[in-house]
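query.txt follows (compact mmCIF, C-alpha atoms):
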# COMPACT_ATOMS: atom_id res chain seq x y z
CA MET A 1177 97.83 58.19 88.69
CA ILE A 1178 96.38 59.69 91.89
CA ALA A 1179 98.28 62.89 91.15
CA PHE A 1180 96.74 63.05 87.67
CA LEU A 1181 93.21 62.50 89.01
CA VAL A 1182 93.60 65.06 91.80
CA THR A 1183 94.98 67.73 89.46
CA ALA A 1184 92.32 67.13 86.81
CA GLY A 1185 89.57 67.15 89.46
CA MET A 1186 90.78 70.45 90.93
CA ALA A 1187 90.99 72.04 87.47
CA PHE A 1188 87.48 70.84 86.58
CA LEU A 1189 86.09 72.19 89.86
CA LEU A 1190 87.69 75.60 89.26
CA TYR A 1191 86.29 75.67 85.72
CA LEU A 1192 82.82 74.83 87.02
CA VAL A 1193 82.97 77.62 89.61
CA LEU A 1194 84.11 80.15 86.98
CA THR A 1195 81.41 79.21 84.44
CA ALA A 1196 78.48 78.75 86.86
CA GLY A 1197 75.23 80.19 85.55
CA SER A 1198 75.88 79.64 81.84
CA GLY A 1199 73.08 77.16 81.03
CA THR A 1200 70.34 74.76 82.03
CA ILE A 1201 72.01 71.43 83.07
CA GLY A 1202 72.20 72.25 86.75
CA LEU A 1203 73.86 75.62 86.34
CA TRP A 1204 75.98 74.84 83.28
CA SER A 1205 75.45 74.43 79.55
CA LEU A 1206 76.49 71.21 77.77
CA SER A 1207 79.28 72.84 75.75
CA GLU A 1208 80.84 74.33 78.89
CA LEU A 1209 80.79 70.92 80.63
CA VAL A 1210 82.43 69.10 77.69
CA MET A 1211 85.03 71.83 77.18
CA GLY A 1212 85.76 71.94 80.90
CA ALA A 1213 86.28 68.17 81.07
CA LEU A 1214 88.66 68.24 78.08
CA LEU A 1215 90.66 71.16 79.49
CA ALA A 1216 90.79 69.51 82.92
CA LEU A 1217 92.22 66.30 81.43
CA LEU A 1218 94.82 68.33 79.51
CA THR A 1219 95.75 70.27 82.67
CA GLY A 1220 96.05 67.03 84.62
CA LEU A 1221 98.44 65.62 82.00
CA VAL A 1222 100.63 68.72 81.91
CA ALA A 1223 100.66 69.76 85.58
CA ARG A 1224 100.43 66.51 87.58
CA LYS A 1225 104.08 66.72 88.66
CA PHE A 1226 103.75 70.29 90.03
CA LEU A 1227 100.66 70.16 92.21
CA CYS A 1228 101.41 66.89 94.02
CA ARG A 1229 105.19 67.02 94.19
CA SER A 1230 105.39 65.99 97.85
CA GLU A 1231 103.17 62.91 97.29
CA SER A 1232 101.02 63.71 100.31
CA TYR A 1233 97.24 63.82 99.95
CA ARG A 1234 96.32 64.77 103.50
CA LEU A 1235 94.33 67.83 102.49
CA LEU A 1236 91.86 65.65 100.57
CA SER A 1237 90.21 64.37 103.75
CA PRO A 1238 86.89 66.17 104.37
CA LEU A 1239 87.60 66.80 108.06
CA ARG A 1240 90.80 68.71 107.28
CA LEU A 1241 89.04 70.75 104.58
CA LEU A 1242 86.27 71.60 107.05
CA LEU A 1243 88.89 72.70 109.61
CA LEU A 1244 90.54 74.83 106.92
CA LEU A 1245 87.18 76.46 106.16
CA VAL A 1246 86.74 77.26 109.87
CA TYR A 1247 90.35 78.39 110.28
CA VAL A 1248 90.46 81.03 107.52
CA PRO A 1249 87.42 83.16 108.47
CA GLY A 1250 87.77 82.45 112.21
CA PRO A 1251 91.08 82.68 114.11
CA PHE A 1252 93.09 83.71 111.04
CA PHE A 1253 90.85 86.64 110.21
CA ILE A 1254 90.89 87.85 113.82
CA GLU A 1255 94.70 87.87 113.78
CA LEU A 1256 94.67 89.62 110.38
CA THR A 1257 92.49 92.41 111.76
CA LYS A 1258 94.74 92.78 114.79
CA ALA A 1259 97.78 92.87 112.50
CA ASN A 1260 96.32 95.73 110.50
CA LEU A 1261 95.44 97.81 113.57
CA ASP A 1262 99.03 97.19 114.71
CA VAL A 1263 100.44 98.32 111.34
CA ALA A 1264 98.21 101.41 111.40
CA TYR A 1265 99.57 102.29 114.85
CA ARG A 1266 103.19 101.83 113.71
CA VAL A 1267 102.68 103.84 110.49
CA ILE A 1268 101.28 106.78 112.42
CA THR A 1269 103.63 106.77 115.43
CA MET A 1270 106.79 105.25 113.80
CA LYS A 1271 107.61 103.39 117.04
CA ILE A 1272 109.63 100.51 115.60
CA ARG A 1273 112.36 98.22 116.95
CA PRO A 1274 112.98 95.79 114.09
CA GLY A 1275 115.12 92.68 113.89
CA ILE A 1276 115.23 89.13 112.56
CA VAL A 1277 114.67 86.32 115.07
CA ARG A 1278 114.71 82.53 114.78
CA VAL A 1279 111.39 80.85 115.53
CA HIS A 1280 111.01 77.17 116.34
CA SER A 1281 107.97 75.91 114.42
CA GLY A 1282 107.71 72.28 115.52
CA LEU A 1283 106.04 71.32 112.21
CA LYS A 1284 107.36 68.57 109.95
CA THR A 1285 105.50 68.62 106.63
CA ASP A 1286 106.06 71.09 103.78
CA LEU A 1287 102.37 72.00 103.77
CA GLY A 1288 102.45 72.85 107.47
CA ILE A 1289 105.54 75.06 107.11
CA PHE A 1290 103.96 76.76 104.08
CA MET A 1291 100.75 77.54 105.95
CA LEU A 1292 102.62 78.75 109.04
CA ALA A 1293 104.89 81.02 106.97
CA ASN A 1294 101.90 82.53 105.17
CA SER A 1295 99.97 82.99 108.41
CA ILE A 1296 102.99 84.64 110.01
CA THR A 1297 103.36 87.05 107.09
CA LEU A 1298 99.77 88.21 107.50
CA THR A 1299 99.68 88.38 111.32
CA PRO A 1300 100.79 91.10 113.79
CA GLY A 1301 104.23 92.60 113.37
CA THR A 1302 105.91 89.62 111.73
CA LEU A 1303 107.14 88.72 108.24
CA SER A 1304 108.80 85.43 107.36
CA VAL A 1305 112.16 85.94 105.63
CA GLY A 1306 113.85 82.54 105.51
CA ILE A 1307 113.55 78.87 106.34
CA ASP A 1308 116.18 76.55 107.79
CA GLU A 1309 115.33 73.47 105.77
CA GLU A 1310 117.09 71.00 108.07
CA THR A 1311 115.36 71.89 111.32
CA ASN A 1312 112.26 73.55 109.76
CA ASP A 1313 112.91 76.70 111.79
CA LEU A 1314 111.63 79.99 110.39
CA PHE A 1315 113.51 83.30 110.35
CA ILE A 1316 111.08 86.09 111.06
CA HIS A 1317 111.45 89.83 110.67
CA ASN A 1318 109.69 91.29 113.68
CA ILE A 1319 108.85 94.99 113.52
CA ASN A 1320 108.76 95.49 117.29
CA ILE A 1321 110.87 93.07 119.32
CA ALA A 1322 110.05 93.00 123.04
CA GLU A 1323 112.83 94.08 125.42
CA GLY A 1324 115.16 91.12 126.10
CA ASP A 1325 113.86 88.92 123.27
CA GLU A 1326 116.84 89.81 121.07
CA LYS A 1327 119.15 87.90 123.43
CA ARG A 1328 117.20 84.63 123.18
CA GLU A 1329 118.45 82.10 120.65
CA VAL A 1330 115.08 80.57 119.67
CA ILE A 1331 111.50 81.74 120.15
CA GLU A 1332 108.54 79.36 120.21
CA SER A 1333 105.99 79.92 117.43
CA THR A 1334 103.08 80.03 119.87
CA GLU A 1335 104.50 83.19 121.48
CA LEU A 1336 103.96 85.18 118.27
CA PHE A 1337 100.17 85.11 118.36
CA GLY A 1338 98.18 86.83 121.05
CA LEU A 1339 94.55 85.79 120.76
CA ALA A 1340 94.36 82.49 118.90
CA ASN A 1341 96.80 79.57 118.91
CA LEU A 1342 97.40 79.39 115.15
CA PRO A 1343 100.25 76.79 115.17
CA ALA A 1344 97.96 74.29 116.92
CA TRP A 1345 95.26 74.89 114.27
CA ILE A 1346 97.81 74.40 111.48
CA ARG A 1347 99.07 71.20 113.09
CA ARG A 1348 95.52 69.86 113.17
CA ILE A 1349 94.94 70.80 109.51
CA ALA A 1350 98.23 69.84 107.90
CA GLU A 1351 99.74 67.02 110.00
CA MET B 379 74.98 104.44 94.80
CA ILE B 380 77.31 104.40 91.78
CA ASP B 381 79.06 107.58 92.97
CA ALA B 382 80.52 105.83 96.03
CA TRP B 383 82.11 103.15 93.83
CA ILE B 384 83.68 105.73 91.51
CA LEU B 385 84.91 107.73 94.50
CA ALA B 386 86.61 104.63 95.91
CA VAL B 387 88.25 103.90 92.54
CA LEU B 388 89.52 107.50 92.40
CA CYS B 389 91.05 107.15 95.87
CA LEU B 390 92.79 103.95 94.76
CA VAL B 391 94.15 105.72 91.64
CA VAL B 392 95.63 108.48 93.82
CA LEU B 393 97.24 105.79 96.00
CA MET B 394 98.70 104.18 92.87
CA VAL B 395 100.36 107.48 91.95
CA LEU B 396 101.78 107.77 95.49
CA ALA B 397 103.14 104.21 95.31
CA THR B 398 104.77 105.11 91.98
CA VAL B 399 106.81 107.74 93.86
CA ARG B 400 108.48 104.91 95.80
CA LEU B 401 108.86 103.00 92.52
CA VAL B 402 110.87 105.90 91.08
CA ILE B 403 112.99 106.95 94.10
CA GLY B 404 113.35 103.57 95.86
CA PRO B 405 117.05 103.21 96.66
CA THR B 406 117.32 99.44 96.12
CA ALA B 407 115.79 96.95 93.69
CA PRO B 408 113.57 95.16 96.28
CA ASP B 409 112.06 98.55 97.19
CA ARG B 410 110.98 98.98 93.59
CA VAL B 411 109.60 95.45 93.46
CA ILE B 412 107.39 95.91 96.51
CA ALA B 413 106.19 99.26 95.15
CA LEU B 414 105.28 97.51 91.88
CA ASP B 415 103.54 94.76 93.85
CA THR B 416 101.51 97.38 95.72
CA VAL B 417 100.48 99.03 92.45
CA ASN B 418 99.41 95.62 91.11
CA THR B 419 97.29 94.93 94.20
CA LEU B 420 95.62 98.32 93.91
CA VAL B 421 94.95 97.76 90.19
CA ILE B 422 93.23 94.46 90.97
CA ALA B 423 91.13 96.03 93.74
CA SER B 424 90.03 98.88 91.48
CA MET B 425 89.28 96.48 88.59
CA ILE B 426 86.87 94.57 90.85
CA LEU B 427 85.17 97.85 91.76
CA LEU B 428 85.01 98.93 88.09
CA GLY B 429 83.26 95.64 87.33
CA VAL B 430 80.39 96.92 89.48
CA VAL B 431 80.46 100.45 88.04
CA TYR B 432 80.21 99.29 84.40
CA LYS B 433 78.18 96.12 85.21
CA GLU B 434 80.69 93.95 83.33
CA ILE B 435 81.71 90.66 84.99
CA ILE B 436 84.58 90.28 82.51
CA PHE B 437 86.46 93.01 84.46
CA VAL B 438 86.58 90.73 87.51
CA ASP B 439 87.79 87.78 85.40
CA VAL B 440 90.54 89.97 83.97
CA ALA B 441 91.43 90.97 87.54
CA ILE B 442 91.91 87.30 88.50
CA VAL B 443 94.18 86.63 85.51
CA TYR B 444 96.09 89.88 86.11
CA GLY B 445 96.67 88.90 89.75
CA LEU B 446 98.02 85.46 88.87
CA LEU B 447 100.29 86.83 86.12
CA SER B 448 101.66 89.58 88.37
CA PHE B 449 102.33 86.90 91.01
CA VAL B 450 104.40 84.89 88.53
CA SER B 451 106.35 87.96 87.40
CA THR B 452 107.04 88.99 91.01
CA LEU B 453 108.35 85.50 91.79
CA TYR B 454 110.67 85.64 88.79
CA ILE B 455 111.99 89.09 89.70
CA ALA B 456 112.56 87.83 93.27
CA LYS B 457 114.49 84.82 91.94
CA TYR B 458 116.58 87.16 89.80
CA ILE B 459 117.36 89.51 92.69
CA GLY B 460 118.25 86.57 94.94
CA GLY B 461 120.70 85.32 92.29
CA GLU B 462 119.05 81.93 91.79
CA LEU B 463 118.12 82.21 88.12
CA MET C 1271 69.69 104.69 102.95
CA THR C 1272 69.19 101.05 103.85
CA ALA C 1273 71.26 98.89 106.17
CA VAL C 1274 72.85 97.07 103.24
CA GLU C 1275 74.02 100.35 101.69
CA ILE C 1276 75.54 101.40 105.01
CA LEU C 1277 77.35 98.04 105.17
CA ILE C 1278 78.69 98.50 101.62
CA TYR C 1279 79.84 102.06 102.33
CA ALA C 1280 81.53 100.90 105.54
CA CYS C 1281 83.40 98.13 103.71
CA LEU C 1282 84.52 100.55 100.98
CA ALA C 1283 85.67 103.11 103.57
CA ILE C 1284 87.63 100.52 105.60
CA GLY C 1285 89.24 99.21 102.42
CA VAL C 1286 90.32 102.63 101.16
CA VAL C 1287 91.61 103.69 104.62
CA PHE C 1288 93.76 100.57 105.03
CA ASN C 1289 95.04 100.80 101.45
CA SER C 1290 96.13 104.39 102.13
CA LEU C 1291 97.81 103.35 105.38
CA GLY C 1292 99.75 100.74 103.42
CA VAL C 1293 100.91 103.27 100.84
CA ILE C 1294 101.82 105.86 103.53
CA GLY C 1295 103.83 103.15 105.28
CA LEU C 1296 105.54 102.34 101.98
CA LEU C 1297 106.62 105.97 101.75
CA ARG C 1298 107.54 106.54 105.42
CA PHE C 1299 109.30 103.43 106.75
CA PRO C 1300 113.12 103.36 106.75
CA ASP C 1301 114.08 100.05 105.07
CA VAL C 1302 112.84 97.29 102.77
CA TYR C 1303 111.60 94.88 105.44
CA THR C 1304 109.56 97.38 107.42
CA ARG C 1305 108.07 98.73 104.17
CA MET C 1306 107.06 95.20 103.31
CA HIS C 1307 105.19 94.96 106.63
CA ALA C 1308 103.08 97.95 105.63
CA THR C 1309 102.39 96.91 102.03
CA THR C 1310 101.59 93.21 102.44
CA LYS C 1311 99.37 93.42 105.50
CA ALA C 1312 97.56 96.67 104.88
CA THR C 1313 96.96 96.43 101.13
CA THR C 1314 95.85 92.79 101.37
CA PHE C 1315 93.39 93.66 104.13
CA GLY C 1316 92.15 96.76 102.29
CA SER C 1317 91.67 94.91 99.01
CA ILE C 1318 89.80 92.10 100.81
CA PHE C 1319 87.42 94.71 102.21
CA THR C 1320 86.80 96.48 98.88
CA SER C 1321 86.08 93.02 97.37
CA LEU C 1322 83.80 92.28 100.32
CA ALA C 1323 81.81 95.38 99.41
CA VAL C 1324 81.36 93.97 95.88
CA ILE C 1325 80.36 90.55 97.27
CA VAL C 1326 77.75 92.10 99.60
CA TYR C 1327 76.43 94.22 96.71
CA GLY C 1328 76.20 91.17 94.43
CA PHE C 1329 74.36 89.05 97.00
CA PHE C 1330 72.00 91.87 97.89
CA MET C 1331 71.11 92.60 94.25
CA PHE C 1332 70.72 88.87 93.59
CA LEU C 1333 68.28 88.53 96.48
CA SER C 1334 66.28 91.62 95.55
CA GLN C 1335 66.19 91.26 91.73
CA ALA C 1336 66.76 87.48 91.27
CA ASP C 1337 69.19 88.16 88.41
CA SER C 1338 71.91 85.45 88.37
CA GLN C 1339 74.44 87.90 86.84
CA TYR C 1340 74.87 89.48 90.28
CA LEU C 1341 75.51 86.11 91.93
CA ILE C 1342 78.20 85.39 89.31
CA LEU C 1343 79.72 88.79 90.09
CA ALA C 1344 79.86 87.93 93.80
CA ILE C 1345 81.45 84.50 93.18
CA HIS C 1346 84.10 85.90 90.84
CA ALA C 1347 84.91 88.75 93.23
CA PHE C 1348 85.34 86.19 96.01
CA LEU C 1349 87.75 84.15 93.84
CA ALA C 1350 89.74 87.28 92.98
CA ALA C 1351 90.04 88.23 96.67
CA ALA C 1352 91.15 84.71 97.59
CA CYS C 1353 93.82 84.75 94.84
CA LEU C 1354 94.98 88.16 96.03
CA ALA C 1355 95.36 87.17 99.70
CA PHE C 1356 97.22 83.98 98.83
CA THR C 1357 99.59 85.42 96.21
CA ASN C 1358 100.47 88.55 98.23
CA ALA C 1359 101.72 86.54 101.20
CA VAL C 1360 103.82 84.22 99.02
CA SER C 1361 105.37 87.01 96.95
CA ALA C 1362 106.20 89.00 100.11
CA HIS C 1363 108.11 86.00 101.43
CA ALA C 1364 109.90 85.58 98.08
CA ILE C 1365 110.98 89.23 97.92
CA ALA C 1366 112.10 89.26 101.58
CA ARG C 1367 114.20 86.15 101.03
CA ALA C 1368 115.68 87.52 97.80
CA ALA C 1369 116.50 90.86 99.45
CA HIS C 1370 118.32 89.15 102.29
CA ARG C 1371 120.21 86.86 99.90
CA SER C 1372 121.29 89.81 97.75
CA GLY C 1373 122.95 91.37 100.81
CA ILE C 1374 120.48 94.07 101.85
CA MET C 1375 120.52 93.97 105.66
CA PRO C 1376 117.74 95.36 107.83
CA THR C 1377 119.21 98.71 108.90
CA PRO C 1378 117.86 99.71 111.96
CA ALA C 1379 117.92 96.23 113.54
CA VAL C 1380 118.57 95.09 117.08
CA VAL C 1381 119.32 91.48 116.07
CA ASP C 1382 119.77 89.50 112.83
CA ARG C 1383 119.73 85.74 113.43
CA LEU C 1384 119.50 84.93 109.69
CA ALA C 1385 122.85 86.60 108.95
CA GLU C 1386 124.35 84.76 111.93
CA ALA C 1387 123.00 81.43 110.70
CA LYS C 1388 124.68 81.93 107.27
CA LEU C 1389 122.27 79.88 105.18

Would you mind giving the structure from this file in structure tokens?
Amino acid sequence: MIAFLVTAGMAFLLYLVLTAGSGTIGLWSLSELVMGALLALLTGLVARKFLCRSESYRLLSPLRLLLLLVYVPGPFFIELTKANLDVAYRVITMKIRPGIVRVHSGLKTDLGIFMLANSITLTPGTLSVGIDEETNDLFIHNINIAEGDEKREVIESTELFGLANLPAWIRRIAE
Amino acid sequence: MIDAWILAVLCLVVLMVLATVRLVIGPTAPDRVIALDTVNTLVIASMILLGVVYKEIIFVDVAIVYGLLSFVSTLYIAKYIGGEL
Amino acid sequence: MTAVEILIYACLAIGVVFNSLGVIGLLRFPDVYTRMHATTKATTFGSIFTSLAVIVYGFFMFLSQADSQYLILAIHAFLAAACLAFTNAVSAHAIARAAHRSGIMPTPAVVDRLAEAKL
């Protein structure tokens, strides 16, 4: 039941954002509101098993959403900019030393692993390739491995990021 | 003002053609998939810009739907390459 | 030329430059995984910046002409950019995983822990 309500609410919110400015009730016209509510109920019925498969509703708390809104334009965007300057340097000079290393994430929930894998893909020199689902370790393709790091069995996830401590942010948001 | 937008779209079209080179010669299947993914991203970016050039918001809506559909197709091709389908 | 126009031109220029770096990387790098580095990071960043130019344009025109069409344009461009950033990262991970499962190894590589782990 909670899954149905959450899915329908998300769908209705998305519909409202996409049709903003169509009429006079607030920003919307009456027909858009009625149609949006009907479509949201239908979406909730069809898709309730997909969106909330893990039965965890942590991301609904306002504090976590606020942290997410700070995280994406703040530390994440800084790392994204750094990643792109790094890629520009590698494209021009072709100085690469690639390899796949195992990274210990220390996260437990699916949402946390998902966010860490996505953040890793968009941050300097790293691309997530696989996940060990028993220990929640990530396998990461690193475009420029530091000398000596290829001999180490496991690397901590905090060592991947230079400026901001993204795993700590993700732990605060998702766990 | 409009000229800058059209110039940017032209640059993106040239980049699409260059990415198509990798799509044609790419030695393995994943190479072709990432080239196709790049072309899709560039199409979406240029659609958003064309929405400004022609003053049509529907272009941007089409870009959103195109992005989500290309995401689904990429996931299915990835599943197929990985032998999980 | 006003400050807003300079900002829009700067965003467009940054976007086009990073998109071209991504495509050049796609053509120059030696194997699938390194090519993926270039395409996912650089084209996502470039497309975010070209969308940012549209968002700035929409907000500026909305503030100067009070026409709500421009605000709708900005909101929809923001949604498209958010979809793009999210889906690109996920599909890059999916393709990398599929490539490794189908037996394409990173070929220059100093270490490959995933092949050693045999998942």

- Task: Record the distance separating CA of Ser1338 in chain C and CA of Gly445 in chain B, expressed in Å with one decimal.
- Result: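 Computing it gives 25.0 Å between the two atoms.
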
- Quick one: distance from CA of Phe1337 in chain A to CA of Lys1258 in chain A in Å, one decimal?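 We find that CA of Phe1337 in chain A and CA of Lys1258 in chain A lie 10.1 Å from each other.
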
- Message: Please report the interatomic distance between CA of Met1331 in chain C and CA of Phe437 in chain B in Å with one decimal.
- Response: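 The value is 18.2 Å.
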
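Using all atoms listed in the file, the smallest distance between any of A:Val1279, A:Leu1339, A:Ile1331, A:Val1305 and Ala1368 in chain C comes from A:Val1305.
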
- Note on the structure: If you count all atoms listed in the file, the residue of A:Thr1334, A:Ile1272, A:Pro1249, A:Tyr1233 closest to Ala1352 in chain C turns out to be A:Pro1249

- Task: Counting all atoms listed in the file, figure out which residue out of C:Ser1361, C:Thr1309, C:Thr1304, C:Asn1289 gets nearest to chain A.
- Result: C:Thr1304

- Fewer than 6 positions away in the same chain doesn't count, so skip those; otherwise give me all residues within 9 Å of range 394-410 of chain B, counting only C-alpha atoms, as JSON, numbers by chain. {"B": [416, 417, 418, 420, 421, 456, 459], "C": [1293, 1294, 1296, 1297, 1301, 1302, 1305, 1306, 1365, 1366, 1368, 1369, 1374]}

With C-alpha atoms retained, could you export that selection as a PDB file, keeping the file's coordinate frame?
ATOM      1  CA  THR B 416     101.510  97.380  95.720  1.00  0.00           C
ATOM      2  CA  VAL B 417     100.480  99.030  92.450  1.00  0.00           C
ATOM      3  CA  ASN B 418      99.410  95.620  91.110  1.00  0.00           C
ATOM      4  CA  LEU B 420      95.620  98.320  93.910  1.00  0.00           C
ATOM      5  CA  VAL B 421      94.950  97.760  90.190  1.00  0.00           C
ATOM      6  CA  ALA B 456     112.560  87.830  93.270  1.00  0.00           C
ATOM      7  CA  ILE B 459     117.360  89.510  92.690  1.00  0.00           C
TER       8      ILE B 459
ATOM      9  CA  VAL C1293     100.910 103.270 100.840  1.00  0.00           C
ATOM     10  CA  ILE C1294     101.820 105.860 103.530  1.00  0.00           C
ATOM     11  CA  LEU C1296     105.540 102.340 101.980  1.00  0.00           C
ATOM     12  CA  LEU C1297     106.620 105.970 101.750  1.00  0.00           C
ATOM     13  CA  ASP C1301     114.080 100.050 105.070  1.00  0.00           C
ATOM     14  CA  VAL C1302     112.840  97.290 102.770  1.00  0.00           C
ATOM     15  CA  ARG C1305     108.070  98.730 104.170  1.00  0.00           C
ATOM     16  CA  MET C1306     107.060  95.200 103.310  1.00  0.00           C
ATOM     17  CA  ILE C1365     110.980  89.230  97.920  1.00  0.00           C
ATOM     18  CA  ALA C1366     112.100  89.260 101.580  1.00  0.00           C
ATOM     19  CA  ALA C1368     115.680  87.520  97.800  1.00  0.00           C
ATOM     20  CA  ALA C1369     116.500  90.860  99.450  1.00  0.00           C
ATOM     21  CA  ILE C1374     120.480  94.070 101.850  1.00  0.00           C
TER      22      ILE C1374
END

- Message: My list of candidates is A:Ile1289, A:Ile1276, A:Ile1201, A:Leu1283. Which is closest to chain C when distances are computed with only C-alpha atoms?
- Response: A:Ile1276

- Among listed residues B:Leu447, B:Val440, B:Leu463, B:Leu393, nearest chain C (using only C-alpha atoms):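 Result for the nearest residue to chain C: B:Leu393.
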
Give one line per residue of chain C that approaches chain A to at most 6 Å, naming the two atoms of the closest pair and their distance in Å to one decimal, counting only C-alpha atoms; sort by chain then ascending residue number and deliver it as JSON lines.
{"residue": "C:Gly1295", "atom": "CA", "partner": "A:Val1267", "partner_atom": "CA", "distance": 5.4}
{"residue": "C:Lys1311", "atom": "CA", "partner": "A:Leu1298", "partner_atom": "CA", "distance": 5.6}
{"residue": "C:Ala1312", "atom": "CA", "partner": "A:Asn1260", "partner_atom": "CA", "distance": 5.8}
{"residue": "C:Ala1359", "atom": "CA", "partner": "A:Asn1294", "partner_atom": "CA", "distance": 5.6}
{"residue": "C:His1363", "atom": "CA", "partner": "A:Val1305", "partner_atom": "CA", "distance": 5.8}
{"residue": "C:Ala1366", "atom": "CA", "partner": "A:Val1305", "partner_atom": "CA", "distance": 5.2}
{"residue": "C:Arg1367", "atom": "CA", "partner": "A:Val1305", "partner_atom": "CA", "distance": 5.0}
{"residue": "C:Ala1379", "atom": "CA", "partner": "A:Gly1275", "partner_atom": "CA", "distance": 4.5}
{"residue": "C:Val1380", "atom": "CA", "partner": "A:Gly1275", "partner_atom": "CA", "distance": 5.3}
{"residue": "C:Val1381", "atom": "CA", "partner": "A:Gly1275", "partner_atom": "CA", "distance": 4.9}
{"residue": "C:Asp1382", "atom": "CA", "partner": "A:Ile1276", "partner_atom": "CA", "distance": 4.6}
{"residue": "C:Arg1383", "atom": "CA", "partner": "A:Val1277", "partner_atom": "CA", "distance": 5.4}

Give the residues of chain C that lie within 9 Å of chain B; count all atoms listed in the file, and format the answer as a PDB file with C-alpha atoms, in the coordinates of the input.
ATOM      1  CA  GLU C1275      74.020 100.350 101.690  1.00  0.00           C
ATOM      2  CA  TYR C1279      79.840 102.060 102.330  1.00  0.00           C
ATOM      3  CA  LEU C1282      84.520 100.550 100.980  1.00  0.00           C
ATOM      4  CA  ALA C1283      85.670 103.110 103.570  1.00  0.00           C
ATOM      5  CA  GLY C1285      89.240  99.210 102.420  1.00  0.00           C
ATOM      6  CA  VAL C1286      90.320 102.630 101.160  1.00  0.00           C
ATOM      7  CA  ASN C1289      95.040 100.800 101.450  1.00  0.00           C
ATOM      8  CA  SER C1290      96.130 104.390 102.130  1.00  0.00           C
ATOM      9  CA  GLY C1292      99.750 100.740 103.420  1.00  0.00           C
ATOM     10  CA  VAL C1293     100.910 103.270 100.840  1.00  0.00           C
ATOM     11  CA  ILE C1294     101.820 105.860 103.530  1.00  0.00           C
ATOM     12  CA  LEU C1296     105.540 102.340 101.980  1.00  0.00           C
ATOM     13  CA  LEU C1297     106.620 105.970 101.750  1.00  0.00           C
ATOM     14  CA  ASP C1301     114.080 100.050 105.070  1.00  0.00           C
ATOM     15  CA  VAL C1302     112.840  97.290 102.770  1.00  0.00           C
ATOM     16  CA  ARG C1305     108.070  98.730 104.170  1.00  0.00           C
ATOM     17  CA  MET C1306     107.060  95.200 103.310  1.00  0.00           C
ATOM     18  CA  THR C1309     102.390  96.910 102.030  1.00  0.00           C
ATOM     19  CA  THR C1310     101.590  93.210 102.440  1.00  0.00           C
ATOM     20  CA  THR C1313      96.960  96.430 101.130  1.00  0.00           C
ATOM     21  CA  THR C1314      95.850  92.790 101.370  1.00  0.00           C
ATOM     22  CA  GLY C1316      92.150  96.760 102.290  1.00  0.00           C
ATOM     23  CA  SER C1317      91.670  94.910  99.010  1.00  0.00           C
ATOM     24  CA  ILE C1318      89.800  92.100 100.810  1.00  0.00           C
ATOM     25  CA  THR C1320      86.800  96.480  98.880  1.00  0.00           C
ATOM     26  CA  SER C1321      86.080  93.020  97.370  1.00  0.00           C
ATOM     27  CA  ALA C1323      81.810  95.380  99.410  1.00  0.00           C
ATOM     28  CA  VAL C1324      81.360  93.970  95.880  1.00  0.00           C
ATOM     29  CA  TYR C1327      76.430  94.220  96.710  1.00  0.00           C
ATOM     30  CA  GLY C1328      76.200  91.170  94.430  1.00  0.00           C
ATOM     31  CA  GLN C1339      74.440  87.900  86.840  1.00  0.00           C
ATOM     32  CA  TYR C1340      74.870  89.480  90.280  1.00  0.00           C
ATOM     33  CA  ILE C1342      78.200  85.390  89.310  1.00  0.00           C
ATOM     34  CA  LEU C1343      79.720  88.790  90.090  1.00  0.00           C
ATOM     35  CA  HIS C1346      84.100  85.900  90.840  1.00  0.00           C
ATOM     36  CA  ALA C1347      84.910  88.750  93.230  1.00  0.00           C
ATOM     37  CA  LEU C1349      87.750  84.150  93.840  1.00  0.00           C
ATOM     38  CA  ALA C1350      89.740  87.280  92.980  1.00  0.00           C
ATOM     39  CA  ALA C1351      90.040  88.230  96.670  1.00  0.00           C
ATOM     40  CA  CYS C1353      93.820  84.750  94.840  1.00  0.00           C
ATOM     41  CA  LEU C1354      94.980  88.160  96.030  1.00  0.00           C
ATOM     42  CA  THR C1357      99.590  85.420  96.210  1.00  0.00           C
ATOM     43  CA  ASN C1358     100.470  88.550  98.230  1.00  0.00           C
ATOM     44  CA  VAL C1360     103.820  84.220  99.020  1.00  0.00           C
ATOM     45  CA  SER C1361     105.370  87.010  96.950  1.00  0.00           C
ATOM     46  CA  ALA C1362     106.200  89.000 100.110  1.00  0.00           C
ATOM     47  CA  ALA C1364     109.900  85.580  98.080  1.00  0.00           C
ATOM     48  CA  ILE C1365     110.980  89.230  97.920  1.00  0.00           C
ATOM     49  CA  ALA C1366     112.100  89.260 101.580  1.00  0.00           C
ATOM     50  CA  ARG C1367     114.200  86.150 101.030  1.00  0.00           C
ATOM     51  CA  ALA C1368     115.680  87.520  97.800  1.00  0.00           C
ATOM     52  CA  ALA C1369     116.500  90.860  99.450  1.00  0.00           C
ATOM     53  CA  HIS C1370     118.320  89.150 102.290  1.00  0.00           C
ATOM     54  CA  ARG C1371     120.210  86.860  99.900  1.00  0.00           C
ATOM     55  CA  SER C1372     121.290  89.810  97.750  1.00  0.00           C
ATOM     56  CA  GLY C1373     122.950  91.370 100.810  1.00  0.00           C
ATOM     57  CA  ILE C1374     120.480  94.070 101.850  1.00  0.00           C
TER      58      ILE C1374
END

- Within 12 Å of (90.6, 69.7, 83.9), all atoms listed in the file: residues as number ranges by chain? A: 1180-1192, 1208-1224

- Query: Restricting the calculation to all atoms listed in the file, which member of C:Phe1348, C:Leu1291, C:Phe1319, C:His1307 is positioned closest to Leu1277 in chain C?
  - Reply: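 The answer is C:Phe1319, which sits nearest to Leu1277 in chain C.
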